[in-house]
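Since the structure comes first, as structure tokens, the remarks are kept for the end.
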Amino acid sequence: MKRVAYYKGCSLEGLAAEYDRSTRMVCEAFGIELVEIPDWNCCGSTPAHSYDPLLSAALAGRNLAIAADNGCDMVMSPCPGCLKSLKGAQETCEDPAQRKAFVDLVGRDVDGLKTVSLLQLLYEEVGPQALQKAVRRPLTGHVLVPYYGCLLTRPAEKAKFDDPENPISMDRLIEATGATVPRDFPYKTECCGATYGVTRNDFVGKLSGRILDMSQGLGAEAIVVACPLCQQNLDMRQDQINKYSKSAFHLPVPYISQVIGLALGIEPKVLGLDKLCVPADILLEDRSGEDGQARQPGGVAAG
């Protein structure tokens, strides 16, 4: 069993608890032991970084140090924002001008640790082929759009995973569940509005609205995400977006771990699918027997 340090971060403690639950279930199904970092603290995120970059790096670095002290050489965080902070701590530690101050604050260096997202962990350590073999409840006939968001694969020199402009890792994992992925989704890495959902609903209305609109136009039944903030803007704020854009979107926004969990045969409630604001019951429909053919976006059967 592969042993991976697990940094879930603040979001997965609250609004994204279903992401935490489904992440644990899917990793367990593939023999990945998630070792939650004991006594973990906030990663520092954007506010701390704007006040004191070294302090922010030390906050994230403390979590990495604890992981290393517990014998782990890989740290996984499902949240792209947290992952950015963890990678930023490593960058600070490697900077000759800041290394001593960083080590003095943290108590040790954090060299040699590999920091990855949940998506990268599943794609590299499990892979589409192994996932396809493990599927028990295929999502054949369902059309799902993968939305990566603006941070998961960027900046390329730090993410070091997938293509920053046209990533395909989530596409391949979704396809392995039996679902259909539209061939071209131009907004897969566009910003959803991020934290402006708190102060500028009009920004989220415009940015997330066009993501929903494009997805609906491609015949998608759901938008699959791997970021708590993206999920909240597209799901929890969908009613606000509808009011802003005078639309009637009703697209569920499950996490990639929930979609994979469904395909593995894990019960929807165990995966926290009932926690979504827009119900995802449509994904529970068995379409595998529809003429023995998968459906393409727009309702056209694949030949």
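Letters A, B, ... go to the chains of the structure tokens in the order shown; residues in each chain start at 1; ligands are counted from 1 in the same order.
Neighbouring residues of Ile211 of chain A at 9 Å or closer, counting only C-alpha atoms and skipping chain neighbours under 3 positions away, are Tyr147, Tyr187, Lys188, Glu190, Cys191, Cys192, Lys206, Leu207, Ser208, Met214, Ser215, Gln216 and Leu234 of chain A.
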Counting only C-alpha atoms, what are the residues of segment 80-145 of chain A within 9 Å of segment 262-280 of chain A, and for each of them which pair of atoms is the nearest and at what distance in Å, to one decimal? Sort the table by chain and rising number, as JSON lines.
```
{"residue": "A:Leu131", "atom": "CA", "partner": "A:Leu264", "partner_atom": "CA", "distance": 8.3}
{"residue": "A:Gln132", "atom": "CA", "partner": "A:Ala263", "partner_atom": "CA", "distance": 9.0}
{"residue": "A:Ala134", "atom": "CA", "partner": "A:Leu264", "partner_atom": "CA", "distance": 6.3}
{"residue": "A:Val135", "atom": "CA", "partner": "A:Leu264", "partner_atom": "CA", "distance": 4.7}
{"residue": "A:Arg136", "atom": "CA", "partner": "A:Leu264", "partner_atom": "CA", "distance": 5.0}
{"residue": "A:Arg137", "atom": "CA", "partner": "A:Ala263", "partner_atom": "CA", "distance": 4.6}
{"residue": "A:Pro138", "atom": "CA", "partner": "A:Ala263", "partner_atom": "CA", "distance": 5.3}
{"residue": "A:Leu139", "atom": "CA", "partner": "A:Ala263", "partner_atom": "CA", "distance": 6.4}
```
Just the selected residues (C-alpha atoms), exported as a tab-separated table (two decimals), in the first residue's frame, please.
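Generated file (again-v5.tsv):
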```tsv
chain	number	residue	atom	x	y	z
A	131	LEU	CA	-9.50	2.73	-13.05
A	132	GLN	CA	-11.29	1.30	-16.08
A	134	ALA	CA	-12.01	-1.37	-11.40
A	135	VAL	CA	-15.28	0.16	-12.64
A	136	ARG	CA	-18.38	-1.60	-11.26
A	137	ARG	CA	-21.05	0.96	-12.13
A	138	PRO	CA	-20.06	2.41	-15.52
A	139	LEU	CA	-21.23	5.90	-16.35
```
*Between atom CA of Gln238 of chain A and atom CA of His250 of chain A, what is the distance, to one decimal in Å?*
7.7 Å
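Using only C-alpha atoms for every distance, the candidate list A:Asp20, A:Gly44, A:Glu33, A:Ala5 yields A:Ala5 as the residue closest to Asn70 of chain A.
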*Can you pull out every residue within 9 Å of Gly88 of chain A, counting only C-alpha atoms, but drop anything in the same chain fewer than 2 positions away, and send it as a PyMOL selection string?*
chain A and resi 56-57+60-61+83-86+90-93+158
*What lies within 8 Å of Gly205 of chain A using only C-alpha atoms, ignoring chain neighbours under 6 positions off, as a list in words?*
Gln240, Ile241, Asn242, Tyr244 and Ser245 of chain A
Export, as a compact mmCIF listing (two decimals), in the first residue's frame, the selected residues with N, CA and C atoms.
```txt
# COMPACT_ATOMS: atom_id res chain seq x y z
N GLN A 240 -27.49 32.39 -7.83
CA GLN A 240 -27.07 33.79 -7.99
C GLN A 240 -26.69 34.06 -9.44
N ILE A 241 -26.00 33.10 -10.05
CA ILE A 241 -25.59 33.24 -11.44
C ILE A 241 -26.81 33.32 -12.35
N ASN A 242 -27.80 32.48 -12.05
CA ASN A 242 -29.03 32.50 -12.85
C ASN A 242 -29.72 33.85 -12.77
N TYR A 244 -28.23 36.73 -12.09
CA TYR A 244 -27.38 37.72 -12.74
C TYR A 244 -27.50 37.66 -14.26
N SER A 245 -27.47 36.44 -14.80
CA SER A 245 -27.45 36.27 -16.25
C SER A 245 -28.82 35.99 -16.86
```
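Backbone DSSP assigns strand (DSSP E or B) in segment 29-158 of chain A to A:Ile32, A:Glu33, A:Leu34, A:Val35, A:Glu36, A:Met74, A:Val75, A:Met76, A:Ser77, A:Lys114, A:Thr115, A:Val116, A:Ser117, A:Val143, A:Leu144, A:Val145, A:Pro146.
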Same residues, N, CA and C atoms, saved as a PDB file, in the first residue's frame:
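Below is the file that was written, selection-v6.pdb:
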```pdb
ATOM      1  N   ILE A  32      -4.198   3.209  -1.626  1.00  0.00           N
ATOM      2  CA  ILE A  32      -3.383   4.362  -1.243  1.00  0.00           C
ATOM      3  C   ILE A  32      -3.734   4.740   0.191  1.00  0.00           C
ATOM      4  N   GLU A  33      -2.762   4.659   1.074  1.00  0.00           N
ATOM      5  CA  GLU A  33      -2.990   5.002   2.477  1.00  0.00           C
ATOM      6  C   GLU A  33      -2.748   6.496   2.683  1.00  0.00           C
ATOM      7  N   LEU A  34      -3.808   7.218   2.989  1.00  0.00           N
ATOM      8  CA  LEU A  34      -3.681   8.640   3.266  1.00  0.00           C
ATOM      9  C   LEU A  34      -3.389   8.837   4.753  1.00  0.00           C
ATOM     10  N   VAL A  35      -2.233   9.400   5.048  1.00  0.00           N
ATOM     11  CA  VAL A  35      -1.832   9.656   6.427  1.00  0.00           C
ATOM     12  C   VAL A  35      -2.060  11.132   6.709  1.00  0.00           C
ATOM     13  N   GLU A  36      -3.168  11.439   7.359  1.00  0.00           N
ATOM     14  CA  GLU A  36      -3.458  12.847   7.627  1.00  0.00           C
ATOM     15  C   GLU A  36      -2.365  13.445   8.505  1.00  0.00           C
ATOM     16  N   MET A  74       5.824  11.993  -0.001  1.00  0.00           N
ATOM     17  CA  MET A  74       4.854  12.621  -0.893  1.00  0.00           C
ATOM     18  C   MET A  74       3.736  13.227  -0.057  1.00  0.00           C
ATOM     19  N   VAL A  75       3.349  14.456  -0.407  1.00  0.00           N
ATOM     20  CA  VAL A  75       2.257  15.141   0.278  1.00  0.00           C
ATOM     21  C   VAL A  75       1.180  15.470  -0.758  1.00  0.00           C
ATOM     22  N   MET A  76      -0.048  15.085  -0.466  1.00  0.00           N
ATOM     23  CA  MET A  76      -1.157  15.350  -1.380  1.00  0.00           C
ATOM     24  C   MET A  76      -2.154  16.289  -0.736  1.00  0.00           C
ATOM     25  N   SER A  77      -2.576  17.288  -1.518  1.00  0.00           N
ATOM     26  CA  SER A  77      -3.655  18.168  -1.088  1.00  0.00           C
ATOM     27  C   SER A  77      -4.692  18.248  -2.190  1.00  0.00           C
ATOM     28  N   LYS A 114       7.690  15.404  -2.534  1.00  0.00           N
ATOM     29  CA  LYS A 114       6.910  15.633  -3.735  1.00  0.00           C
ATOM     30  C   LYS A 114       5.519  16.088  -3.316  1.00  0.00           C
ATOM     31  N   THR A 115       5.072  17.220  -3.819  1.00  0.00           N
ATOM     32  CA  THR A 115       3.749  17.746  -3.474  1.00  0.00           C
ATOM     33  C   THR A 115       2.846  17.631  -4.696  1.00  0.00           C
ATOM     34  N   VAL A 116       1.687  17.009  -4.515  1.00  0.00           N
ATOM     35  CA  VAL A 116       0.795  16.739  -5.644  1.00  0.00           C
ATOM     36  C   VAL A 116      -0.653  17.049  -5.270  1.00  0.00           C
ATOM     37  N   SER A 117      -1.458  17.251  -6.309  1.00  0.00           N
ATOM     38  CA  SER A 117      -2.902  17.383  -6.131  1.00  0.00           C
ATOM     39  C   SER A 117      -3.520  15.992  -6.108  1.00  0.00           C
ATOM     40  N   VAL A 143     -22.751  12.449 -20.216  1.00  0.00           N
ATOM     41  CA  VAL A 143     -21.809  13.424 -20.776  1.00  0.00           C
ATOM     42  C   VAL A 143     -21.336  14.347 -19.659  1.00  0.00           C
ATOM     43  N   LEU A 144     -20.041  14.314 -19.386  1.00  0.00           N
ATOM     44  CA  LEU A 144     -19.474  15.092 -18.285  1.00  0.00           C
ATOM     45  C   LEU A 144     -18.357  15.996 -18.804  1.00  0.00           C
ATOM     46  N   VAL A 145     -18.369  17.238 -18.349  1.00  0.00           N
ATOM     47  CA  VAL A 145     -17.345  18.207 -18.729  1.00  0.00           C
ATOM     48  C   VAL A 145     -16.311  18.331 -17.612  1.00  0.00           C
ATOM     49  N   PRO A 146     -15.017  18.176 -17.913  1.00  0.00           N
ATOM     50  CA  PRO A 146     -13.977  18.369 -16.894  1.00  0.00           C
ATOM     51  C   PRO A 146     -13.578  19.840 -16.800  1.00  0.00           C
TER      52      PRO A 146
END
```
*Residues of segment 19-258 of chain A in helix (DSSP H, G or I) according to DSSP, as an MDAnalysis selection string?*
chainID A and resid 19:29 45:51 53:69 80:94 99:106 118:134 156:159 169:176 196:199 201:217 228:236 238:245 256:258
_If we count only C-alpha atoms and set the cut-off at 9 Å, which residues sit around Ala226 of chain A, ignoring sequence neighbours fewer than 5 positions away in its own chain? Please answer as a PyMOL selection string._
chain A and resi 19+78-80+117-119+146-149+152+170+231+254-257
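Among A:Leu229, A:Phe249, A:Ala67, A:Phe203, the residue with the shortest atom-to-atom distance to Gly217 of chain A, counting only C-alpha atoms, is A:Phe249.
When atom CA of Gln232 of chain A is paired with atom CA of Leu15 of chain A, their separation reads 8.2 Å.
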